[in-house]
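> The file below is my_file32.txt, compact mmCIF, C-alpha atoms:
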```
# COMPACT_ATOMS: atom_id res chain seq x y z
CA MET J 1263 83.38 20.02 219.49
CA LYS J 1264 86.72 20.24 217.71
CA ILE J 1265 90.00 19.11 219.30
CA ARG J 1266 91.89 22.30 220.15
CA VAL J 1267 95.61 22.10 219.30
CA LEU J 1268 98.53 24.34 220.27
CA VAL J 1269 101.53 24.04 217.93
CA VAL J 1270 104.94 24.82 219.48
CA ASP J 1271 107.91 24.88 217.08
CA ASP J 1272 110.79 27.30 216.60
CA SER J 1273 110.50 26.98 212.80
CA ALA J 1274 107.93 29.34 211.27
CA VAL J 1275 107.73 27.07 208.23
CA MET J 1276 107.01 24.00 210.36
CA ARG J 1277 104.40 25.90 212.37
CA ALA J 1278 102.67 26.85 209.12
CA VAL J 1279 102.85 23.31 207.73
CA LEU J 1280 101.45 21.75 210.91
CA THR J 1281 98.71 24.38 211.13
CA GLU J 1282 97.63 23.71 207.56
CA ILE J 1283 97.67 19.93 208.07
CA ILE J 1284 95.76 20.01 211.36
CA ASN J 1285 93.13 22.44 210.10
CA GLN J 1286 92.42 20.12 207.16
CA ALA J 1287 90.73 17.66 209.54
CA PRO J 1288 87.08 18.52 210.28
CA ASP J 1289 87.34 17.49 213.94
CA MET J 1290 90.38 19.55 215.00
CA GLU J 1291 91.76 23.07 214.80
CA VAL J 1292 94.92 24.98 215.71
CA VAL J 1293 93.94 27.55 218.33
CA ALA J 1294 97.42 29.07 218.64
CA THR J 1295 101.09 28.63 217.71
CA ALA J 1296 104.26 29.47 219.64
CA PRO J 1297 107.94 29.71 218.64
CA ASP J 1298 109.35 28.90 222.07
CA ALA J 1299 108.52 27.78 225.59
CA ALA J 1300 107.94 31.28 226.97
CA VAL J 1301 105.25 32.08 224.41
CA ALA J 1302 103.85 28.54 224.72
CA ARG J 1303 103.30 28.98 228.46
CA GLN J 1304 101.22 32.08 227.82
CA LYS J 1305 99.27 30.43 224.99
CA VAL J 1306 98.45 27.46 227.23
CA LYS J 1307 96.94 29.85 229.77
CA GLU J 1308 95.04 31.84 227.13
CA THR J 1309 93.66 29.01 224.98
CA SER J 1310 93.56 25.93 227.27
CA PRO J 1311 94.31 23.50 224.40
CA ASP J 1312 93.27 19.85 224.34
CA VAL J 1313 96.50 18.66 222.70
CA LEU J 1314 99.95 20.22 222.35
CA THR J 1315 102.48 19.45 219.61
CA LEU J 1316 105.97 20.22 220.85
CA ASP J 1317 109.26 20.56 219.00
CA VAL J 1318 112.09 18.64 220.65
CA GLU J 1319 114.77 21.19 219.80
CA MET J 1320 113.92 24.80 220.73
CA PRO J 1321 115.91 27.85 221.85
CA ASN J 1322 116.21 28.98 225.49
CA MET J 1323 114.24 26.10 227.02
CA ASN J 1324 114.29 22.85 225.03
CA GLY J 1325 111.29 20.61 224.51
CA LEU J 1326 112.23 18.23 227.32
CA GLU J 1327 112.46 20.95 229.95
CA PHE J 1328 109.15 22.46 228.86
CA LEU J 1329 107.47 19.04 228.74
CA ASP J 1330 108.64 18.29 232.27
CA LYS J 1331 107.08 21.52 233.52
CA VAL J 1332 103.85 20.92 231.58
CA MET J 1333 103.39 17.39 232.92
CA ARG J 1334 103.96 18.52 236.51
CA LEU J 1335 102.00 21.77 236.47
CA ARG J 1336 99.36 21.46 233.73
CA PRO J 1337 99.20 17.86 232.47
CA MET J 1338 97.87 17.55 228.93
CA PRO J 1339 98.33 15.23 225.95
CA VAL J 1340 101.62 16.12 224.21
CA ILE J 1341 102.89 14.90 220.85
CA MET J 1342 106.61 15.49 220.24
CA ILE J 1343 107.77 16.65 216.81
CA SER J 1344 111.18 15.04 216.40
CA SER J 1345 114.00 15.06 213.86
CA GLN J 1346 114.98 11.65 212.48
CA THR J 1347 118.51 11.73 213.86
CA ALA J 1348 120.29 9.73 216.55
CA GLN J 1349 120.14 12.71 218.92
CA GLY J 1350 116.51 13.42 218.02
CA SER J 1351 115.45 9.82 218.64
CA GLU J 1352 117.24 9.65 222.01
CA THR J 1353 115.57 12.88 223.11
CA THR J 1354 112.18 11.64 221.93
CA LEU J 1355 112.52 8.49 224.03
CA GLN J 1356 113.29 10.67 227.04
CA ALA J 1357 110.17 12.71 226.24
CA LEU J 1358 108.03 9.58 226.22
CA GLU J 1359 109.45 8.70 229.64
CA LEU J 1360 108.44 12.16 230.88
CA GLY J 1361 104.85 11.60 229.80
CA ALA J 1362 104.52 12.57 226.13
CA VAL J 1363 101.82 10.43 224.52
CA ASP J 1364 103.43 10.03 221.11
CA TYR J 1365 105.71 11.64 218.56
CA VAL J 1366 105.77 12.52 214.89
CA ALA J 1367 109.04 12.41 212.98
CA LYS J 1368 109.83 15.57 211.04
CA PRO J 1369 109.90 14.85 207.31
CA ARG J 1370 113.32 14.72 205.75
CA GLY J 1371 114.11 17.22 203.04
CA SER J 1372 111.58 19.66 201.63
CA LEU J 1373 108.31 20.31 203.43
CA ALA J 1374 106.62 21.01 200.11
CA GLY J 1375 104.35 18.32 198.71
CA LEU J 1376 104.24 16.08 201.76
CA PRO J 1377 102.46 12.76 201.18
CA VAL J 1378 98.85 12.37 202.27
CA SER J 1379 99.99 9.64 204.67
CA TYR J 1380 101.94 12.20 206.72
CA ALA J 1381 98.81 14.29 207.32
CA GLN J 1382 96.84 11.14 208.14
CA GLU J 1383 99.45 10.13 210.71
CA ILE J 1384 99.26 13.52 212.42
CA HIS J 1385 95.44 13.47 212.47
CA GLU J 1386 95.32 9.95 213.91
CA LYS J 1387 97.91 10.69 216.58
CA ILE J 1388 96.13 13.86 217.68
CA ARG J 1389 92.85 11.96 217.99
CA ALA J 1390 94.54 9.18 219.95
CA ALA J 1391 96.34 11.67 222.19
CA HIS J 1392 93.10 13.50 222.93
CA GLY J 1393 91.63 10.32 224.39
CA ALA J 1394 94.85 8.98 225.92
CA ARG J 1395 95.40 8.09 229.56
CA LEU J 1396 98.04 10.54 230.76
CA LYS J 1397 101.09 9.57 232.76
CA VAL J 1398 100.66 12.29 235.38
CA LEU J 1399 102.54 10.79 238.31
CA ARG J 1400 105.75 9.04 237.42
CA ALA J 1401 105.66 5.49 238.63
CA ALA J 1402 108.71 4.05 240.32
CA PRO J 1403 110.63 2.14 237.65
CA ALA J 1404 111.02 -1.59 237.82
CA GLU J 1405 114.31 -2.69 239.36
CA PRO J 1406 116.89 -2.18 236.63
CA ALA J 1407 119.60 -4.59 235.71
CA PRO J 1408 123.20 -3.79 236.58
CA ALA J 1409 125.01 -1.57 234.11
CA ALA J 1410 125.40 -3.23 230.74
CA VAL J 1411 129.20 -3.17 230.89
CA ALA J 1412 129.18 -5.15 234.15
CA ARG J 1413 126.39 -7.57 233.24
CA PRO J 1414 127.44 -11.02 232.09
CA ALA J 1415 125.74 -12.38 229.02
CA PRO J 1416 122.95 -14.84 229.89
CA ALA J 1417 123.99 -18.45 229.59
CA VAL J 1418 122.66 -20.13 226.48
CA THR J 1419 120.57 -23.05 227.61
CA SER J 1420 118.09 -25.44 226.06
CA ALA J 1421 116.05 -25.64 229.27
CA TRP J 1422 113.16 -23.80 227.62
CA GLY J 1423 113.09 -26.12 224.65
CA ASP J 1424 111.30 -24.37 221.82
CA ARG J 1425 109.41 -21.83 223.95
CA ILE J 1426 109.36 -18.24 222.67
CA VAL J 1427 107.77 -14.95 223.76
CA CYS J 1428 106.25 -12.45 221.30
CA ILE J 1429 105.39 -8.85 222.23
CA GLY J 1430 103.67 -6.16 220.17
CA ALA J 1431 102.90 -2.50 220.93
CA SER J 1432 102.31 0.93 219.43
CA THR J 1433 101.28 4.24 221.07
CA GLY J 1434 102.58 4.22 224.64
CA GLY J 1435 104.50 1.07 223.89
CA THR J 1436 108.03 2.31 224.54
CA GLU J 1437 107.27 2.67 228.24
CA ALA J 1438 105.06 -0.43 228.32
CA ILE J 1439 107.68 -2.67 226.72
CA LYS J 1440 110.33 -1.25 229.04
CA GLU J 1441 108.22 -2.06 232.09
CA VAL J 1442 107.55 -5.62 230.93
CA LEU J 1443 111.19 -6.35 230.03
CA CYS J 1444 112.55 -4.86 233.24
CA ARG J 1445 110.36 -7.23 235.25
CA LEU J 1446 111.60 -10.34 233.43
CA PRO J 1447 114.56 -12.44 234.65
CA ALA J 1448 117.72 -12.98 232.63
CA ASN J 1449 117.01 -16.67 232.05
CA MET J 1450 114.05 -16.13 229.72
CA PRO J 1451 113.48 -17.98 226.48
CA GLY J 1452 114.04 -15.86 223.38
CA ILE J 1453 111.82 -12.80 223.05
CA VAL J 1454 110.81 -11.11 219.77
CA MET J 1455 109.17 -7.69 219.71
CA VAL J 1456 107.50 -5.21 217.37
CA GLN J 1457 107.03 -1.54 218.30
CA HIS J 1458 105.75 0.84 215.64
CA MET J 1459 108.73 3.19 215.11
CA PRO J 1460 110.94 4.49 212.29
CA GLU J 1461 114.37 2.93 211.73
CA MET J 1462 116.49 5.43 213.66
CA PHE J 1463 114.16 5.24 216.63
CA THR J 1464 114.22 1.44 216.92
CA ALA J 1465 118.03 1.46 217.09
CA SER J 1466 117.96 3.97 219.96
CA PHE J 1467 115.11 2.15 221.67
CA ALA J 1468 116.94 -1.19 221.57
CA ARG J 1469 120.04 0.37 223.11
CA ARG J 1470 117.99 2.00 225.86
CA LEU J 1471 116.25 -1.28 226.69
CA ASP J 1472 119.54 -3.14 226.73
CA SER J 1473 120.90 -0.71 229.34
CA LEU J 1474 117.92 -1.38 231.64
CA ALA J 1475 116.72 -4.96 231.22
CA ARG J 1476 118.25 -8.16 232.57
CA VAL J 1477 117.90 -9.85 229.19
CA ARG J 1478 120.15 -8.62 226.39
CA VAL J 1479 118.26 -6.47 223.87
CA LYS J 1480 119.22 -5.72 220.27
CA GLU J 1481 117.73 -5.00 216.89
CA ALA J 1482 116.95 -8.18 215.02
CA GLU J 1483 119.18 -9.10 212.08
CA GLN J 1484 118.43 -11.25 209.06
CA GLY J 1485 118.98 -14.95 209.73
CA GLU J 1486 119.99 -14.35 213.35
CA ARG J 1487 119.45 -17.24 215.74
CA ILE J 1488 117.02 -16.43 218.57
CA LEU J 1489 118.81 -17.24 221.83
CA PRO J 1490 117.55 -17.63 225.41
CA GLY J 1491 118.18 -14.57 227.56
CA HIS J 1492 117.95 -12.28 224.53
CA ALA J 1493 115.23 -9.99 223.16
CA TYR J 1494 115.10 -8.96 219.50
CA LEU J 1495 113.37 -5.76 218.36
CA ALA J 1496 112.11 -5.45 214.80
CA PRO J 1497 114.06 -2.70 213.01
CA GLY J 1498 111.96 0.18 211.73
CA HIS J 1499 112.68 -0.66 208.09
CA SER J 1500 111.45 -4.29 208.04
CA HIS J 1501 108.81 -6.71 209.16
CA LEU J 1502 110.05 -9.36 211.59
CA GLU J 1503 109.04 -12.99 211.29
CA ILE J 1504 110.31 -16.10 213.03
CA ARG J 1505 111.23 -19.33 211.27
CA ARG J 1506 112.03 -22.79 212.60
CA SER J 1507 115.69 -23.79 212.57
CA GLY J 1508 116.39 -27.17 214.12
CA THR J 1509 115.00 -27.10 217.66
CA GLY J 1510 114.91 -23.29 217.78
CA TYR J 1511 114.11 -20.23 215.69
CA VAL J 1512 115.78 -17.59 213.55
CA CYS J 1513 114.79 -14.01 212.67
CA GLU J 1514 113.59 -13.25 209.16
CA LEU J 1515 113.44 -9.60 208.04
CA LEU J 1516 111.12 -8.67 205.19
CA GLN J 1517 110.88 -5.37 203.36
CA THR J 1518 107.52 -6.28 201.92
CA PRO J 1519 104.78 -3.60 201.81
CA PRO J 1520 103.31 -2.26 205.06
CA TYR J 1521 100.65 -4.42 206.69
CA ASN J 1522 97.81 -2.65 208.51
CA ARG J 1523 99.67 0.46 207.28
CA HIS J 1524 102.69 -0.48 209.41
CA ARG J 1525 106.16 -1.83 208.78
CA PRO J 1526 107.11 -3.46 211.05
CA ALA J 1527 103.67 -4.86 211.81
CA VAL J 1528 102.70 -6.89 214.87
CA ASP J 1529 100.37 -9.08 212.81
CA VAL J 1530 103.27 -10.21 210.60
CA LEU J 1531 105.25 -11.37 213.65
CA PHE J 1532 102.28 -12.99 215.39
CA ASN J 1533 101.13 -14.80 212.23
CA SER J 1534 104.60 -16.28 211.78
CA ALA J 1535 104.58 -17.40 215.43
CA ALA J 1536 101.19 -19.03 214.91
CA GLN J 1537 102.63 -20.96 211.99
CA HIS J 1538 106.07 -21.90 213.32
CA ALA J 1539 105.84 -21.85 217.14
CA ARG J 1540 102.17 -22.73 217.65
CA GLY J 1541 101.59 -23.87 221.26
CA SER J 1542 105.21 -23.17 222.22
CA ALA J 1543 104.64 -19.42 222.08
CA VAL J 1544 103.40 -16.88 224.63
CA ALA J 1545 102.23 -13.52 223.28
CA ALA J 1546 101.48 -10.14 224.84
CA LEU J 1547 99.71 -7.32 223.02
CA LEU J 1548 100.25 -3.96 224.70
CA THR J 1549 98.95 -0.39 224.40
CA GLY J 1550 98.51 1.15 220.96
CA MET J 1551 96.04 2.75 218.60
CA GLY J 1552 94.49 0.81 215.75
CA LYS J 1553 94.07 -2.94 215.41
CA ASP J 1554 97.49 -4.26 214.39
CA GLY J 1555 98.23 -7.54 216.18
CA ALA J 1556 94.64 -8.53 216.96
CA GLN J 1557 94.14 -10.98 214.09
CA GLY J 1558 97.67 -12.34 214.50
CA MET J 1559 97.04 -12.94 218.19
CA LEU J 1560 93.81 -14.74 217.34
CA ALA J 1561 95.77 -16.96 214.95
CA MET J 1562 98.29 -17.66 217.74
CA ARG J 1563 95.54 -18.58 220.21
CA ARG J 1564 93.92 -20.88 217.65
CA ALA J 1565 97.33 -22.52 217.12
CA GLY J 1566 97.64 -23.26 220.85
CA ALA J 1567 99.67 -20.29 222.11
CA TRP J 1568 98.91 -18.53 225.42
CA THR J 1569 97.91 -14.91 224.72
CA ILE J 1570 97.77 -11.90 227.05
CA GLY J 1571 96.17 -8.52 226.35
CA GLN J 1572 96.93 -5.38 228.35
CA ASP J 1573 93.86 -4.06 230.17
CA GLN J 1574 92.12 -0.79 229.42
CA GLU J 1575 92.97 0.94 232.69
CA SER J 1576 96.75 0.66 232.21
CA CYS J 1577 96.87 1.42 228.47
CA VAL J 1578 97.85 4.85 227.21
CA VAL J 1579 95.63 4.13 224.20
CA TYR J 1580 93.29 1.15 224.43
CA GLY J 1581 93.15 0.26 220.75
CA MET J 1582 95.10 -2.84 219.74
CA PRO J 1583 94.42 -4.84 222.94
CA ARG J 1584 90.73 -3.90 222.79
CA GLU J 1585 90.46 -5.21 219.23
CA ALA J 1586 92.13 -8.44 220.33
CA ALA J 1587 89.80 -8.84 223.33
CA GLN J 1588 86.71 -8.14 221.23
CA ILE J 1589 87.48 -10.92 218.73
CA GLY J 1590 88.38 -13.47 221.42
CA ALA J 1591 92.13 -13.41 220.79
CA CYS J 1592 93.12 -13.07 224.47
CA CYS J 1593 93.42 -16.03 226.83
CA GLU J 1594 93.64 -13.46 229.62
CA VAL J 1595 93.69 -9.69 230.18
CA ALA J 1596 96.09 -8.13 232.69
CA PRO J 1597 97.25 -4.69 233.89
CA LEU J 1598 100.66 -3.64 232.61
CA ASN J 1599 102.41 -4.21 235.95
CA GLN J 1600 101.30 -7.85 235.89
CA VAL J 1601 102.02 -8.74 232.25
CA ALA J 1602 105.58 -9.94 232.96
CA GLU J 1603 104.48 -12.25 235.77
CA ARG J 1604 101.67 -13.60 233.58
CA ILE J 1605 104.21 -14.36 230.85
CA ILE J 1606 106.43 -16.17 233.37
CA ALA J 1607 103.45 -18.08 234.79
CA ALA J 1608 102.43 -19.17 231.31
CA LEU J 1609 105.96 -20.41 230.59
CA GLN J 1610 106.47 -22.15 233.94
CA GLY J 1611 103.01 -23.64 234.03
CA GLY J 1612 103.31 -24.81 230.48
CA ARG J 1613 100.10 -22.98 229.64
CA ARG J 1614 98.94 -23.81 226.17
CA VAL J 1615 95.48 -23.92 224.73
CA ALA J 1616 94.05 -26.63 222.56
CA ALA J 1617 94.75 -25.68 218.98
CA HIS J 1618 91.70 -25.45 216.78
CA ALA J 1619 90.85 -24.20 213.34
```
Take the structure I supplied and represent it as structure tokens, if you would.

Amino acid sequence: MKIRVLVVDDSAVMRAVLTEIINQAPDMEVVATAPDAAVARQKVKETSPDVLTLDVEMPNMNGLEFLDKVMRLRPMPVIMISSQTAQGSETTLQALELGAVDYVAKPRGSLAGLPVSYAQEIHEKIRAAHGARLKVLRAAPAEPAPAAVARPAPAVTSAWGDRIVCIGASTGGTEAIKEVLCRLPANMPGIVMVQHMPEMFTASFARRLDSLARVRVKEAEQGERILPGHAYLAPGHSHLEIRRSGTGYVCELLQTPPYNRHRPAVDVLFNSAAQHARGSAVAALLTGMGKDGAQGMLAMRRAGAWTIGQDQESCVVYGMPREAAQIGACCEVAPLNQVAERIIAALQGGRRVAAHA
């Protein structure tokens, strides 16, 4: 049985491009297209699609308004089609909060001669969305921090010694990372994070997290010292590694080729933590399709780090944490709403595992 897809986009050219790409895959087909929300509503009723691709910017009713109605009245897996602009990335993050499973960035420039990788990305995300756990009822958000302008910067302290927290995520990860960070206190050791996103999106995501979390959140910069009370997000253009510097760590950004088809890649960060932080690190691998982060987490566990995988029931897509669990990379598995407290318990209890080859 093929995955039935409804394409909603105000651009006739984009509708045609997406239809051609989707119909190339043997396991999916476009059952209808729509130029706006009004037509899309009717097509949903007529075709009952399995997955909907939705343009962020549409006339009359924009993608966010339509998504909100869909998720309340007829929940289904939705993939946002977003422009790679500051406004487009902010809107996409709002869409993910409303329940969209994932997004695809619109290609820049001509739509002619798109790379094979773009079609592969769309196919993979549609398959993942089809099997995703939907966010039907909006959970109450974790208690937010005070407004960023009124929040004092966390005091820099050496109380944590050389402890460090590493977090990796992909599909569904923007909401998962937000939930984890918003449950952590301001006096955390340094936190480093990888979320699979393009460059413009990571900048917007870091700003959004910084407005909500008690720790300060920013995009990582080359050579930047990793401070307590701060979280550093890998920018979409570079891998993020950590390196020892005295008694602490610094961020290293690498524009080396993609790893596991991703840049930034979780495995790159986790492997560097296994090498340089060893038993001083705590890692969490959250929702996401694929296997990025699993081998790096295994390396961290073997080096003595405490490792936590998100459980299947709370994942939007149980891919990366499943791979980690299957190869024995997880010291423990926890639901999303308990990951933050497990991280804190690991830090306070000094949990480390005996390093072994």
> So, with all atoms listed in the file as the atoms that count, which of J:Leu1373, J:Cys1428, J:Ala1421, J:Ile1453 lies closest to Arg1478 of chain J?
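Closest to Arg1478 of chain J of all the choices is J:Ile1453.
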> Please determine, counting all atoms listed in the file, which residue among J:Ile1283, J:Met1562, J:Val1269, J:Ala1539 has the shortest atom-to-atom distance to Leu1376 of chain J.
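Closest to Leu1376 of chain J, using all atoms listed in the file: J:Ile1283.
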> For the atom pair atom CA of Gly1430 of chain J and atom CA of Ala1381 of chain J, what is the interatomic distance in Å to one decimal place?
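Value for the atom CA of Gly1430 of chain J-atom CA of Ala1381 of chain J distance: 24.6 Å.
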> Quick one: of J:His1501, J:Arg1540, J:Arg1266, J:Arg1584, who's nearest to Lys1305 of chain J, counting all atoms listed in the file?
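Among J:His1501, J:Arg1540, J:Arg1266, J:Arg1584, it is J:Arg1266 that comes nearest to Lys1305 of chain J.
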> Quick check, in Å to one decimal: how far apart do atom CA of Pro1520 of chain J and atom CA of His1458 of chain J lie?
11.3 Å
> Which one of J:Ile1384, J:Ala1348, J:Ala1374, J:Val1544 sits closest to Phe1467 of chain J if you count all atoms listed in the file?
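Using all atoms listed in the file, the shortest distance to Phe1467 of chain J belongs to J:Ala1348.
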> Just how far from atom CA of Ser1507 of chain J is atom CA of Ala1535 of chain J, in Å to one decimal?
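Taking atom CA of Ala1535 of chain J and atom CA of Ser1507 of chain J, their separation equals 13.1 Å.
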> For each of J:Val1456, J:Leu1360, J:Ala1475, J:Ala1493, take the minimum atom-to-atom distance to Asp1529 of chain J, counting only C-alpha atoms, then give the residue where this is smallest.
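Of J:Val1456, J:Leu1360, J:Ala1475, J:Ala1493, the one nearest Asp1529 of chain J is J:Val1456, counting only C-alpha atoms.
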> Between J:Leu1502, J:Val1442, J:Leu1396, J:Val1479, which one has atoms that come closest to Leu1598 of chain J, using all atoms listed in the file?
J:Val1442
> Can you patch up segment 1304-1316 of chain J, filling it in to N, CA and C atoms, and show the result as a PDB file, in the frame of the given file?

```pdb
ATOM      1  N   GLN J1304     102.296  31.087 227.858  1.00  0.00           N
ATOM      2  CA  GLN J1304     101.220  32.080 227.820  1.00  0.00           C
ATOM      3  C   GLN J1304     100.039  31.583 226.985  1.00  0.00           C
ATOM      4  N   LYS J1305     100.332  30.932 225.862  1.00  0.00           N
ATOM      5  CA  LYS J1305      99.270  30.430 224.990  1.00  0.00           C
ATOM      6  C   LYS J1305      98.469  29.313 225.667  1.00  0.00           C
ATOM      7  N   VAL J1306      99.158  28.506 226.478  1.00  0.00           N
ATOM      8  CA  VAL J1306      98.450  27.460 227.230  1.00  0.00           C
ATOM      9  C   VAL J1306      97.425  28.097 228.159  1.00  0.00           C
ATOM     10  N   LYS J1307      97.844  29.160 228.850  1.00  0.00           N
ATOM     11  CA  LYS J1307      96.940  29.850 229.770  1.00  0.00           C
ATOM     12  C   LYS J1307      95.767  30.499 229.026  1.00  0.00           C
ATOM     13  N   GLU J1308      96.064  31.103 227.872  1.00  0.00           N
ATOM     14  CA  GLU J1308      95.040  31.840 227.130  1.00  0.00           C
ATOM     15  C   GLU J1308      94.045  30.934 226.417  1.00  0.00           C
ATOM     16  N   THR J1309      94.517  29.811 225.863  1.00  0.00           N
ATOM     17  CA  THR J1309      93.660  29.010 224.980  1.00  0.00           C
ATOM     18  C   THR J1309      93.214  27.678 225.575  1.00  0.00           C
ATOM     19  N   SER J1310      93.888  27.209 226.645  1.00  0.00           N
ATOM     20  CA  SER J1310      93.560  25.930 227.270  1.00  0.00           C
ATOM     21  C   SER J1310      93.366  24.821 226.217  1.00  0.00           C
ATOM     22  N   PRO J1311      94.432  24.483 225.490  1.00  0.00           N
ATOM     23  CA  PRO J1311      94.310  23.500 224.400  1.00  0.00           C
ATOM     24  C   PRO J1311      94.039  22.092 224.908  1.00  0.00           C
ATOM     25  N   ASP J1312      93.492  21.262 224.023  1.00  0.00           N
ATOM     26  CA  ASP J1312      93.270  19.850 224.340  1.00  0.00           C
ATOM     27  C   ASP J1312      94.529  19.017 224.104  1.00  0.00           C
ATOM     28  N   VAL J1313      95.287  19.390 223.086  1.00  0.00           N
ATOM     29  CA  VAL J1313      96.500  18.660 222.700  1.00  0.00           C
ATOM     30  C   VAL J1313      97.568  19.681 222.338  1.00  0.00           C
ATOM     31  N   LEU J1314      98.826  19.350 222.670  1.00  0.00           N
ATOM     32  CA  LEU J1314      99.950  20.220 222.350  1.00  0.00           C
ATOM     33  C   LEU J1314     100.941  19.455 221.497  1.00  0.00           C
ATOM     34  N   THR J1315     101.362  20.037 220.365  1.00  0.00           N
ATOM     35  CA  THR J1315     102.480  19.450 219.610  1.00  0.00           C
ATOM     36  C   THR J1315     103.721  20.255 219.963  1.00  0.00           C
ATOM     37  N   LEU J1316     104.804  19.570 220.266  1.00  0.00           N
ATOM     38  CA  LEU J1316     105.970  20.220 220.850  1.00  0.00           C
ATOM     39  C   LEU J1316     107.250  19.811 220.131  1.00  0.00           C
TER      40      LEU J1316
END
```
